>>> print(open('protein_1.txt').read())   # compact mmCIF, C-alpha atoms and all ligand atoms
# COMPACT_ATOMS: atom_id res chain seq x y z
CA MET I 275 -145.18 196.01 134.51
CA THR I 276 -148.60 194.53 135.32
CA LYS I 277 -148.92 191.24 137.18
CA LYS I 278 -150.14 189.58 133.97
CA ALA I 279 -147.18 190.87 131.92
CA LEU I 280 -144.75 189.73 134.57
CA GLY I 281 -146.27 186.28 134.53
CA LEU I 282 -145.97 186.14 130.76
CA ALA I 283 -142.33 187.26 130.87
CA ALA I 284 -141.55 184.55 133.42
CA LEU I 285 -143.24 181.95 131.26
CA LEU I 286 -141.29 183.06 128.20
CA LEU I 287 -138.03 182.95 130.11
CA ALA I 288 -138.80 179.48 131.42
CA ALA I 289 -139.64 178.32 127.90
CA ALA I 290 -136.41 179.78 126.51
CA GLY I 291 -134.42 178.11 129.28
CA ALA I 292 -136.01 174.75 128.62
CA ALA I 293 -135.40 175.05 124.89
CA SER I 294 -131.72 175.89 125.26
CA ALA I 295 -131.23 173.09 127.79
CA GLN I 296 -132.62 170.38 125.56
CA GLU I 297 -131.68 171.66 122.08
CA GLN I 298 -127.92 171.34 122.02
CA VAL I 299 -127.50 172.90 118.60
CA LEU I 300 -125.30 175.32 116.76
CA ASN I 301 -126.40 177.11 113.61
CA LEU I 302 -123.37 177.56 111.41
CA TYR I 303 -123.19 179.72 108.29
CA SER I 304 -120.09 178.57 106.46
CA ALA I 305 -118.23 179.65 103.36
CA ARG I 306 -115.67 176.87 103.79
CA HIS I 307 -116.22 174.89 100.62
CA TYR I 308 -113.98 171.95 101.37
CA SER I 309 -115.64 168.54 101.32
CA THR I 310 -113.09 167.21 103.81
CA ASP I 311 -114.49 169.63 106.43
CA GLU I 312 -117.23 167.12 107.32
CA ALA I 313 -114.82 165.47 109.75
CA LEU I 314 -114.45 168.77 111.62
CA TYR I 315 -118.17 169.07 112.26
CA THR I 316 -118.66 165.41 113.15
CA ASN I 317 -115.79 165.54 115.63
CA PHE I 318 -117.17 168.66 117.29
CA THR I 319 -120.56 167.00 117.75
CA LYS I 320 -118.87 163.86 119.12
CA ALA I 321 -116.83 165.87 121.58
CA THR I 322 -119.59 168.19 122.82
CA GLY I 323 -122.97 166.63 121.98
CA ILE I 324 -123.85 169.84 120.12
CA LYS I 325 -125.48 169.21 116.78
CA ILE I 326 -124.49 171.48 113.90
CA ASN I 327 -127.06 172.82 111.45
CA ARG I 328 -125.10 174.17 108.54
CA VAL I 329 -125.94 176.69 105.84
CA ASP I 330 -123.37 176.76 103.03
CA ALA I 331 -122.91 179.80 100.83
CA ASP I 332 -120.03 181.92 99.61
CA ASP I 333 -118.68 184.84 101.66
CA ALA I 334 -120.82 187.48 99.97
CA GLY I 335 -123.92 185.27 100.10
CA ILE I 336 -123.52 184.75 103.84
CA LEU I 337 -123.07 188.45 104.57
CA ALA I 338 -126.12 189.31 102.45
CA ARG I 339 -128.21 186.66 104.18
CA LEU I 340 -127.21 187.86 107.66
CA LYS I 341 -128.16 191.41 106.76
CA ALA I 342 -131.50 190.37 105.32
CA GLU I 343 -132.35 188.21 108.33
CA GLY I 344 -131.48 190.92 110.85
CA THR I 345 -132.40 190.17 114.47
CA ALA I 346 -134.39 187.12 113.37
CA SER I 347 -131.24 185.43 112.05
CA PRO I 348 -130.73 181.94 113.47
CA ALA I 349 -126.97 182.10 112.73
CA ASP I 350 -124.67 181.46 115.72
CA VAL I 351 -121.27 181.22 114.03
CA ILE I 352 -120.05 182.66 110.75
CA LEU I 353 -117.09 181.06 108.98
CA LEU I 354 -115.65 182.92 106.02
CA VAL I 355 -112.60 182.22 103.88
CA ASP I 356 -111.25 185.72 103.40
CA ALA I 357 -109.92 188.48 105.64
CA ALA I 358 -111.56 191.33 103.72
CA ARG I 359 -114.99 189.69 104.00
CA LEU I 360 -114.52 189.09 107.72
CA TYR I 361 -113.59 192.76 108.03
CA LYS I 362 -116.74 193.69 106.09
CA GLY I 363 -118.89 191.50 108.35
CA GLU I 364 -117.52 193.33 111.37
CA VAL I 365 -117.93 196.80 109.88
CA GLU I 366 -121.52 196.00 108.92
CA GLY I 367 -122.27 195.07 112.54
CA LEU I 368 -122.93 191.38 111.89
CA PHE I 369 -120.76 189.99 114.71
CA GLN I 370 -120.90 190.25 118.49
CA PRO I 371 -118.10 190.72 120.99
CA ILE I 372 -117.07 187.63 122.94
CA LYS I 373 -114.70 186.91 125.79
CA SER I 374 -112.73 183.69 125.64
CA LYS I 375 -109.50 183.06 127.46
CA ALA I 376 -109.00 179.88 125.42
CA LEU I 377 -109.16 181.81 122.14
CA GLU I 378 -106.90 184.55 123.43
CA ASP I 379 -104.34 181.97 124.52
CA ALA I 380 -104.50 179.89 121.34
CA ILE I 381 -104.77 182.47 118.59
CA PRO I 382 -101.81 184.84 118.12
CA ALA I 383 -102.69 188.53 118.37
CA GLN I 384 -102.28 189.22 114.64
CA TYR I 385 -105.10 186.75 113.86
CA ARG I 386 -107.50 188.21 116.45
CA ALA I 387 -108.58 191.15 114.39
CA LYS I 388 -110.81 194.18 114.75
CA ALA I 389 -111.38 196.95 112.22
CA THR I 390 -111.30 199.51 115.04
CA PRO I 391 -110.26 199.27 118.70
CA GLU I 392 -113.96 199.43 119.69
CA GLY I 393 -114.89 196.80 117.11
CA THR I 394 -116.05 193.20 117.47
CA PRO I 395 -113.31 190.62 117.03
CA TRP I 396 -113.04 187.90 114.44
CA PHE I 397 -110.53 185.11 114.52
CA GLY I 398 -108.28 183.56 111.90
CA PHE I 399 -108.03 179.79 112.37
CA SER I 400 -105.90 178.89 109.35
CA THR I 401 -103.87 180.62 106.68
CA ARG I 402 -103.27 180.12 102.99
CA ALA I 403 -100.70 181.81 100.80
CA ARG I 404 -101.56 183.22 97.35
CA VAL I 405 -98.69 182.12 95.17
CA VAL I 406 -97.55 182.01 91.55
CA VAL I 407 -97.49 178.83 89.50
CA TYR I 408 -95.64 178.55 86.20
CA ASP I 409 -94.87 176.18 83.36
CA LYS I 410 -91.35 174.98 84.10
CA LEU I 411 -90.66 174.30 80.41
CA LYS I 412 -91.59 177.78 79.19
CA VAL I 413 -91.04 180.21 82.05
CA LYS I 414 -87.94 181.01 84.05
CA ARG I 415 -88.52 181.05 87.77
CA GLU I 416 -86.72 184.37 88.12
CA ASP I 417 -89.29 185.93 85.76
CA VAL I 418 -92.14 185.22 88.17
CA ASP I 419 -90.64 185.38 91.63
CA THR I 420 -92.27 188.71 92.48
CA TYR I 421 -95.88 189.88 92.19
CA GLU I 422 -94.51 192.97 90.43
CA GLU I 423 -93.37 190.83 87.49
CA LEU I 424 -96.93 189.67 86.81
CA ALA I 425 -97.39 193.15 85.33
CA ASP I 426 -94.10 193.19 83.43
CA PRO I 427 -94.43 193.22 79.61
CA LYS I 428 -92.01 190.24 79.48
CA ASN I 429 -94.95 188.12 80.67
CA LYS I 430 -97.41 189.35 78.05
CA GLY I 431 -100.08 186.85 77.02
CA ARG I 432 -99.00 184.31 79.62
CA ILE I 433 -101.18 184.80 82.69
CA CYS I 434 -104.35 183.01 83.77
CA ILE I 435 -106.19 184.21 86.87
CA ARG I 436 -109.71 183.96 88.26
CA SER I 437 -111.99 187.00 88.34
CA GLY I 438 -110.46 190.17 89.76
CA SER I 439 -113.50 190.61 91.98
CA HIS I 440 -113.21 187.25 93.68
CA PRO I 441 -112.38 187.74 97.39
CA TYR I 442 -109.01 185.95 97.08
CA ASN I 443 -107.92 188.44 94.41
CA LEU I 444 -109.55 191.45 96.07
CA SER I 445 -107.55 190.68 99.20
CA LEU I 446 -104.33 190.11 97.25
CA PHE I 447 -104.87 193.46 95.50
CA GLY I 448 -105.71 195.09 98.84
CA ALA I 449 -102.39 193.83 100.18
CA ILE I 450 -100.52 195.00 97.08
CA THR I 451 -102.11 198.44 97.48
CA GLU I 452 -100.86 198.48 101.07
CA HIS I 453 -97.32 197.54 99.98
CA MET I 454 -97.00 199.68 96.84
CA GLY I 455 -99.36 202.59 97.39
CA GLU I 456 -102.47 203.26 95.34
CA GLN I 457 -100.87 204.76 92.25
CA LYS I 458 -98.38 201.98 91.69
CA ALA I 459 -100.98 199.34 92.53
CA GLU I 460 -103.29 200.67 89.84
CA ALA I 461 -100.49 200.68 87.27
CA TRP I 462 -99.71 197.12 88.35
CA LEU I 463 -103.32 195.99 87.90
CA LYS I 464 -103.32 197.55 84.45
CA GLY I 465 -100.16 195.65 83.60
CA VAL I 466 -101.62 192.35 84.80
CA VAL I 467 -104.72 192.86 82.63
CA ALA I 468 -102.44 193.55 79.65
CA ASN I 469 -100.60 190.27 80.29
CA LEU I 470 -103.64 187.98 80.50
CA ALA I 471 -103.75 184.94 78.23
CA ARG I 472 -107.55 184.87 78.42
CA ASP I 473 -110.43 186.64 80.16
CA PRO I 474 -110.62 185.67 83.84
CA LYS I 475 -112.82 182.63 84.43
CA GLY I 476 -113.10 179.61 86.71
CA GLY I 477 -111.57 179.02 90.13
CA ASP I 478 -107.95 178.63 91.21
CA ALA I 479 -107.86 174.92 90.30
CA ASP I 480 -108.96 175.80 86.76
CA GLN I 481 -105.96 178.13 86.42
CA LEU I 482 -103.61 175.33 87.47
CA LYS I 483 -105.18 173.05 84.86
CA ALA I 484 -104.86 175.77 82.23
CA VAL I 485 -101.11 175.98 82.86
CA ALA I 486 -100.82 172.18 82.85
CA SER I 487 -102.63 172.01 79.49
CA GLY I 488 -100.49 174.76 77.97
CA GLU I 489 -103.28 177.32 77.59
CA CYS I 490 -101.28 179.73 79.73
CA GLN I 491 -97.86 179.69 81.32
CA ILE I 492 -98.38 181.54 84.59
CA ALA I 493 -101.22 181.43 87.13
CA VAL I 494 -102.08 182.66 90.61
CA SER I 495 -103.51 180.23 93.15
CA ASN I 496 -104.10 179.61 96.82
CA THR I 497 -101.67 177.03 98.15
CA TYR I 498 -104.23 174.42 99.23
CA TYR I 499 -105.50 173.95 95.67
CA ILE I 500 -101.93 173.15 94.61
CA ALA I 501 -101.34 170.80 97.54
CA ARG I 502 -104.62 169.04 96.80
CA MET I 503 -103.46 168.29 93.25
CA ILE I 504 -99.98 167.23 94.38
CA ARG I 505 -101.65 164.77 96.80
CA SER I 506 -104.41 163.76 94.39
CA ASN I 507 -105.49 160.14 93.96
CA ASN I 508 -105.88 160.93 90.29
CA PRO I 509 -102.57 160.17 88.51
CA ASP I 510 -103.38 162.70 85.75
CA GLU I 511 -103.60 165.49 88.32
CA ARG I 512 -100.34 164.45 89.93
CA ALA I 513 -98.65 164.27 86.51
CA ALA I 514 -100.00 167.72 85.59
CA MET I 515 -98.43 169.16 88.73
CA GLU I 516 -95.01 167.86 87.72
CA ARG I 517 -94.95 170.32 84.85
CA LEU I 518 -95.70 173.19 87.21
CA GLY I 519 -93.29 175.19 89.31
CA VAL I 520 -94.54 176.97 92.43
CA VAL I 521 -93.01 180.20 93.63
CA PHE I 522 -93.72 182.07 96.86
CA PRO I 523 -93.37 185.62 95.55
CA ASN I 524 -91.46 188.52 97.06
CA GLN I 525 -89.19 186.51 99.34
CA ALA I 526 -86.52 189.20 98.90
CA SER I 527 -88.89 192.07 99.66
CA TRP I 528 -92.21 192.31 101.53
CA GLY I 529 -93.07 188.61 101.52
CA THR I 530 -95.85 186.47 100.09
CA HIS I 531 -99.49 187.49 100.52
CA VAL I 532 -101.25 185.35 103.10
CA ASN I 533 -105.01 185.28 103.66
CA ILE I 534 -107.01 183.68 106.46
CA ALA I 535 -110.04 181.51 106.92
CA GLY I 536 -111.76 182.47 110.12
CA GLY I 537 -114.91 183.20 111.97
CA ALA I 538 -116.92 185.11 114.52
CA VAL I 539 -120.02 184.82 116.65
CA ALA I 540 -123.09 186.21 114.89
CA ARG I 541 -124.62 189.41 116.25
CA ASN I 542 -128.00 187.78 116.98
CA ALA I 543 -126.76 184.30 117.94
CA LYS I 544 -129.43 182.27 119.72
CA HIS I 545 -126.83 179.86 121.15
CA PRO I 546 -123.91 182.14 122.00
CA ALA I 547 -122.32 179.74 124.48
CA ASN I 548 -122.28 176.95 121.89
CA ALA I 549 -120.89 179.42 119.38
CA VAL I 550 -117.92 180.24 121.63
CA LYS I 551 -117.38 176.52 122.26
CA PHE I 552 -117.22 175.91 118.53
CA LEU I 553 -114.68 178.70 117.93
CA GLU I 554 -112.60 177.32 120.81
CA TYR I 555 -112.80 173.88 119.22
CA LEU I 556 -111.48 175.32 115.93
CA ALA I 557 -108.49 176.74 117.81
CA GLY I 558 -107.74 173.38 119.46
CA ALA I 559 -105.16 170.84 118.37
CA GLU I 560 -107.60 168.43 116.71
CA ALA I 561 -109.20 171.01 114.42
CA GLN I 562 -105.89 172.75 113.77
CA ASN I 563 -104.33 169.49 112.66
CA TYR I 564 -107.28 168.89 110.49
CA PHE I 565 -106.79 172.27 108.74
CA ALA I 566 -103.19 171.28 108.09
CA ASN I 567 -103.73 167.75 106.85
CA GLY I 568 -107.36 167.70 105.72
CA ASN I 569 -107.37 170.90 103.72
CA ASN I 570 -103.66 171.69 103.34
CA GLU I 571 -103.77 175.00 105.21
CA TRP I 572 -101.37 176.35 107.80
CA PRO I 573 -102.74 176.18 111.33
CA VAL I 574 -102.38 179.39 113.34
CA ALA I 575 -102.76 178.24 116.95
CA ASN I 576 -99.81 178.58 119.30
CA GLY I 577 -97.93 175.34 119.76
CA VAL I 578 -99.42 173.48 116.78
CA LYS I 579 -96.84 172.17 114.32
CA VAL I 580 -97.57 171.31 110.67
CA ALA I 581 -96.44 168.11 109.11
CA ASN I 582 -98.01 168.41 105.71
CA PRO I 583 -95.51 167.05 103.16
CA ALA I 584 -97.10 168.82 100.17
CA LEU I 585 -96.94 172.21 101.89
CA GLN I 586 -93.39 171.50 103.05
CA ALA I 587 -92.25 170.55 99.56
CA MET I 588 -93.98 173.50 97.96
CA SER I 589 -92.56 176.16 100.26
CA GLY I 590 -89.16 174.56 100.79
CA GLY I 591 -89.98 174.18 104.48
CA SER I 592 -90.72 177.76 105.37
CA PHE I 593 -91.25 181.08 103.65
CA LYS I 594 -91.46 184.76 104.37
CA SER I 595 -95.01 186.03 104.56
CA GLU I 596 -96.10 189.66 104.48
CA THR I 597 -96.41 191.45 107.80
CA ILE I 598 -99.16 194.01 107.17
CA PRO I 599 -102.05 193.91 109.66
CA ILE I 600 -104.77 191.51 108.55
CA THR I 601 -107.28 194.40 108.62
CA ALA I 602 -105.37 196.39 105.98
CA VAL I 603 -106.74 194.34 103.09
CA GLY I 604 -110.29 195.01 104.26
CA ALA I 605 -109.66 198.71 104.68
CA ASN I 606 -108.40 198.93 101.06
CA GLN I 607 -111.37 197.20 99.43
CA VAL I 608 -113.26 200.28 98.22
CA LYS I 609 -110.12 201.62 96.54
CA VAL I 610 -109.38 198.23 94.98
CA GLN I 611 -112.85 197.90 93.49
CA GLN I 612 -112.58 201.37 91.95
CA MET I 613 -109.16 200.57 90.50
CA LEU I 614 -110.46 197.32 88.99
CA ASP I 615 -113.28 199.22 87.32
CA ARG I 616 -110.85 201.82 85.95
CA VAL I 617 -108.40 199.29 84.51
CA GLY I 618 -111.12 196.94 83.22
CA PHE I 619 -110.09 193.91 85.30
CA LYS I 620 -113.08 191.57 84.98
FE FE L 1 -111.11 178.21 98.18
>>> encode(input="protein_1.txt", output="structure tokens", more="lines below")
Ligand code: FE
Amino acid sequence: MTKKALGLAALLLAAAGAASAQEQVLNLYSARHYSTDEALYTNFTKATGIKINRVDADDAGILARLKAEGTASPADVILLVDAARLYKGEVEGLFQPIKSKALEDAIPAQYRAKATPEGTPWFGFSTRARVVVYDKLKVKREDVDTYEELADPKNKGRICIRSGSHPYNLSLFGAITEHMGEQKAEAWLKGVVANLARDPKGGDADQLKAVASGECQIAVSNTYYIARMIRSNNPDERAAMERLGVVFPNQASWGTHVNIAGGAVARNAKHPANAVKFLEYLAGAEAQNYFANGNNEWPVANGVKVANPALQAMSGGSFKSETIPITAVGANQVKVQQMLDRVGFK
């Protein structure tokens, strides 16, 4: 290196050092679409002095943006709301490895995932179950207490569900493929399509409303949407929920499908230390409690207890969740997409 080049490099380094010292910021790309999350970000800034710049998009939008931005990406932390998308982010090389004793201590091993042993880890911070909701006046609980029965001809014309290619369903189907094997899973998907009351549309909350209004009798939803309506300030929403039964499927077999919301440090993070601090904050008691009571999710950190009455009531206190590795749903995604195309699940 010439003297001049060395001088320039030193100048650049000094400039970078000065910038990181004064700019206490964190650039967050988040797919968490829960308005109550504001408190999380405000509390982090209060506790650390680190300001959060947030970009909101859905899981697929965030992954596409990271890829397009490449090394120029300003993203420090990625938060996604689906295990298969986190898996995809890792496989596409969008995360970077980190070392954090605090995260290792707080997050149980099954929620510190890697697609391969050499991979870059991502962390689940909260869980949500994907359950079945039914019209108590028209459907017997024992007719919907397994996922398998969603494909049974006895439930023909009764089911409402969001698009098959939404991440929540792709992950559910990835899990079902893991439990049943590909052949049976495809037959199952075909059966579900045959039982639909209408073409898939809307989000999970729209399926709950469709059961409440009588348009369909059975729906599939993430638990926090149900808890949100049970705890709603709107009396109509609370009344609608009284007509609905909630069942955690497959309690007598492989357990209910559980997905995660989680995150990782971005491959090209410009503030990696702040990024790790933020992930550690999400694993701490304050944020974990917030997941439980602010957004009706189950916290995952060791030693954190939930006291969310809506979740308690819905699950009867506790329930059996599936035990497949959290990476299995991601690994099955290509197969699932092909099956959906073959059976015409929109
Ligand atoms: Fe959601």
>>> residues_around(input="protein_1.txt", residues="range 601-616 of chain I", least_positions_apart="4", cutoff="6 Å", atoms="all atoms listed in the file", output="JSON list (two decimals) with C-alpha atoms, keeping the file's coordinate frame")
[["chain", "number", "residue", "atom", "x", "y", "z"],
["I", 358, "ALA", "CA", -111.56, 191.33, 103.72],
["I", 361, "TYR", "CA", -113.59, 192.76, 108.03],
["I", 445, "SER", "CA", -107.55, 190.68, 99.20],
["I", 448, "GLY", "CA", -105.71, 195.09, 98.84],
["I", 449, "ALA", "CA", -102.39, 193.83, 100.18],
["I", 460, "GLU", "CA", -103.29, 200.67, 89.84]]
>>> closest_atom_pairs(input="protein_1.txt", of="chain I", to="ligand FE 1 (chain L)", cutoff="8 Å", atoms="all atoms listed in the file", output="tab-separated table")
residue	atom	partner	partner_atom	distance
I:Arg306	CA	L:FE1	FE	7.4
I:His307	CA	L:FE1	FE	6.6
I:Tyr308	CA	L:FE1	FE	7.6
I:Val355	CA	L:FE1	FE	7.1
I:Asp478	CA	L:FE1	FE	7.7
I:Asn496	CA	L:FE1	FE	7.3
I:Tyr498	CA	L:FE1	FE	7.9
I:Tyr499	CA	L:FE1	FE	7.5
>>> residues_around(input="protein_1.txt", residues="Lys620 in chain I", least_positions_apart="4", cutoff="12 Å", atoms="all atoms listed in the file", output="PyMOL selection string")
chain I and resi 435-440+443-444+463-464+466-467+470+472-475+611+613-616
>>> closest_atom_pairs(input="protein_1.txt", of="range 311-403 of chain I", to="range 555-571 of chain I", cutoff="9 Å", atoms="all atoms listed in the file", output="CSV")
residue,atom,partner,partner_atom,distance
I:Asp311,CA,I:Gly568,CA,7.4
I:Ala313,CA,I:Tyr564,CA,8.3
I:Leu314,CA,I:Ala561,CA,6.4
I:Asn317,CA,I:Ala561,CA,8.6
I:Phe318,CA,I:Tyr555,CA,7.1
I:Ala376,CA,I:Ala557,CA,8.2
I:Leu377,CA,I:Ala557,CA,6.7
I:Ala380,CA,I:Ala557,CA,6.2
I:Ile381,CA,I:Ala557,CA,6.9
I:Phe399,CA,I:Ala557,CA,6.3
I:Ser400,CA,I:Glu571,CA,6.1
I:Thr401,CA,I:Glu571,CA,5.8
I:Arg402,CA,I:Glu571,CA,5.6
I:Ala403,CA,I:Glu571,CA,8.7
>>> write_last_selection(input="protein_1.txt", atoms="C-alpha atoms", output="mmCIF file, in the coordinates of the input")
data_model
loop_
_atom_site.group_PDB
_atom_site.id
_atom_site.type_symbol
_atom_site.label_atom_id
_atom_site.label_comp_id
_atom_site.auth_asym_id
_atom_site.auth_seq_id
_atom_site.Cartn_x
_atom_site.Cartn_y
_atom_site.Cartn_z
ATOM 1 C CA ASP I 311 -114.490 169.630 106.430
ATOM 2 C CA ALA I 313 -114.820 165.470 109.750
ATOM 3 C CA LEU I 314 -114.450 168.770 111.620
ATOM 4 C CA ASN I 317 -115.790 165.540 115.630
ATOM 5 C CA PHE I 318 -117.170 168.660 117.290
ATOM 6 C CA ALA I 376 -109.000 179.880 125.420
ATOM 7 C CA LEU I 377 -109.160 181.810 122.140
ATOM 8 C CA ALA I 380 -104.500 179.890 121.340
ATOM 9 C CA ILE I 381 -104.770 182.470 118.590
ATOM 10 C CA PHE I 399 -108.030 179.790 112.370
ATOM 11 C CA SER I 400 -105.900 178.890 109.350
ATOM 12 C CA THR I 401 -103.870 180.620 106.680
ATOM 13 C CA ARG I 402 -103.270 180.120 102.990
ATOM 14 C CA ALA I 403 -100.700 181.810 100.800
#
>>> residues_around(input="protein_1.txt", residues="Val520 in chain I", least_positions_apart="5", cutoff="7 Å", atoms="all atoms listed in the file", output="VMD selection string")
chain I and resid 406 to 408 588
>>> residues_around(input="protein_1.txt", residues="His531 in chain I", least_positions_apart="3", cutoff="8 Å", atoms="only C-alpha atoms", output="PyMOL selection string")
chain I and resi 403-405+446+449+595-596
>>> write_last_selection(input="protein_1.txt", atoms="C-alpha atoms", output="PDB file, in the coordinates of the input")
ATOM      1  CA  ALA I 403    -100.700 181.810 100.800  1.00  0.00           C
ATOM      2  CA  ARG I 404    -101.560 183.220  97.350  1.00  0.00           C
ATOM      3  CA  VAL I 405     -98.690 182.120  95.170  1.00  0.00           C
ATOM      4  CA  LEU I 446    -104.330 190.110  97.250  1.00  0.00           C
ATOM      5  CA  ALA I 449    -102.390 193.830 100.180  1.00  0.00           C
ATOM      6  CA  SER I 595     -95.010 186.030 104.560  1.00  0.00           C
ATOM      7  CA  GLU I 596     -96.100 189.660 104.480  1.00  0.00           C
TER       8      GLU I 596
END
>>> atom_distance(input="protein_1.txt", atom1="CA of Ser487 in chain I", atom2="CA of Thr530 in chain I")
26.1 Å
>>> atom_distance(input="protein_1.txt", atom1="CA of Ile352 in chain I", atom2="CA of Ala538 in chain I")
5.5 Å
>>> closest_residue(input="protein_1.txt", among="I:His545, I:Lys579, I:Lys410, I:Lys388", to="Ser347 in chain I", atoms="all atoms listed in the file")
I:His545
>>> atom_distance(input="protein_1.txt", atom1="CA of Gly363 in chain I", atom2="CA of Val532 in chain I")
19.4 Å
>>> closest_residue(input="protein_1.txt", among="I:Ile598, I:Ala581, I:Ala383, I:Ala575", to="His453 in chain I", atoms="all atoms listed in the file")
I:Ile598
>>> closest_residue(input="protein_1.txt", among="I:Val413, I:Ala547, I:Ser592, I:Ser309", to="Arg502 in chain I", atoms="only C-alpha atoms")
I:Ser309
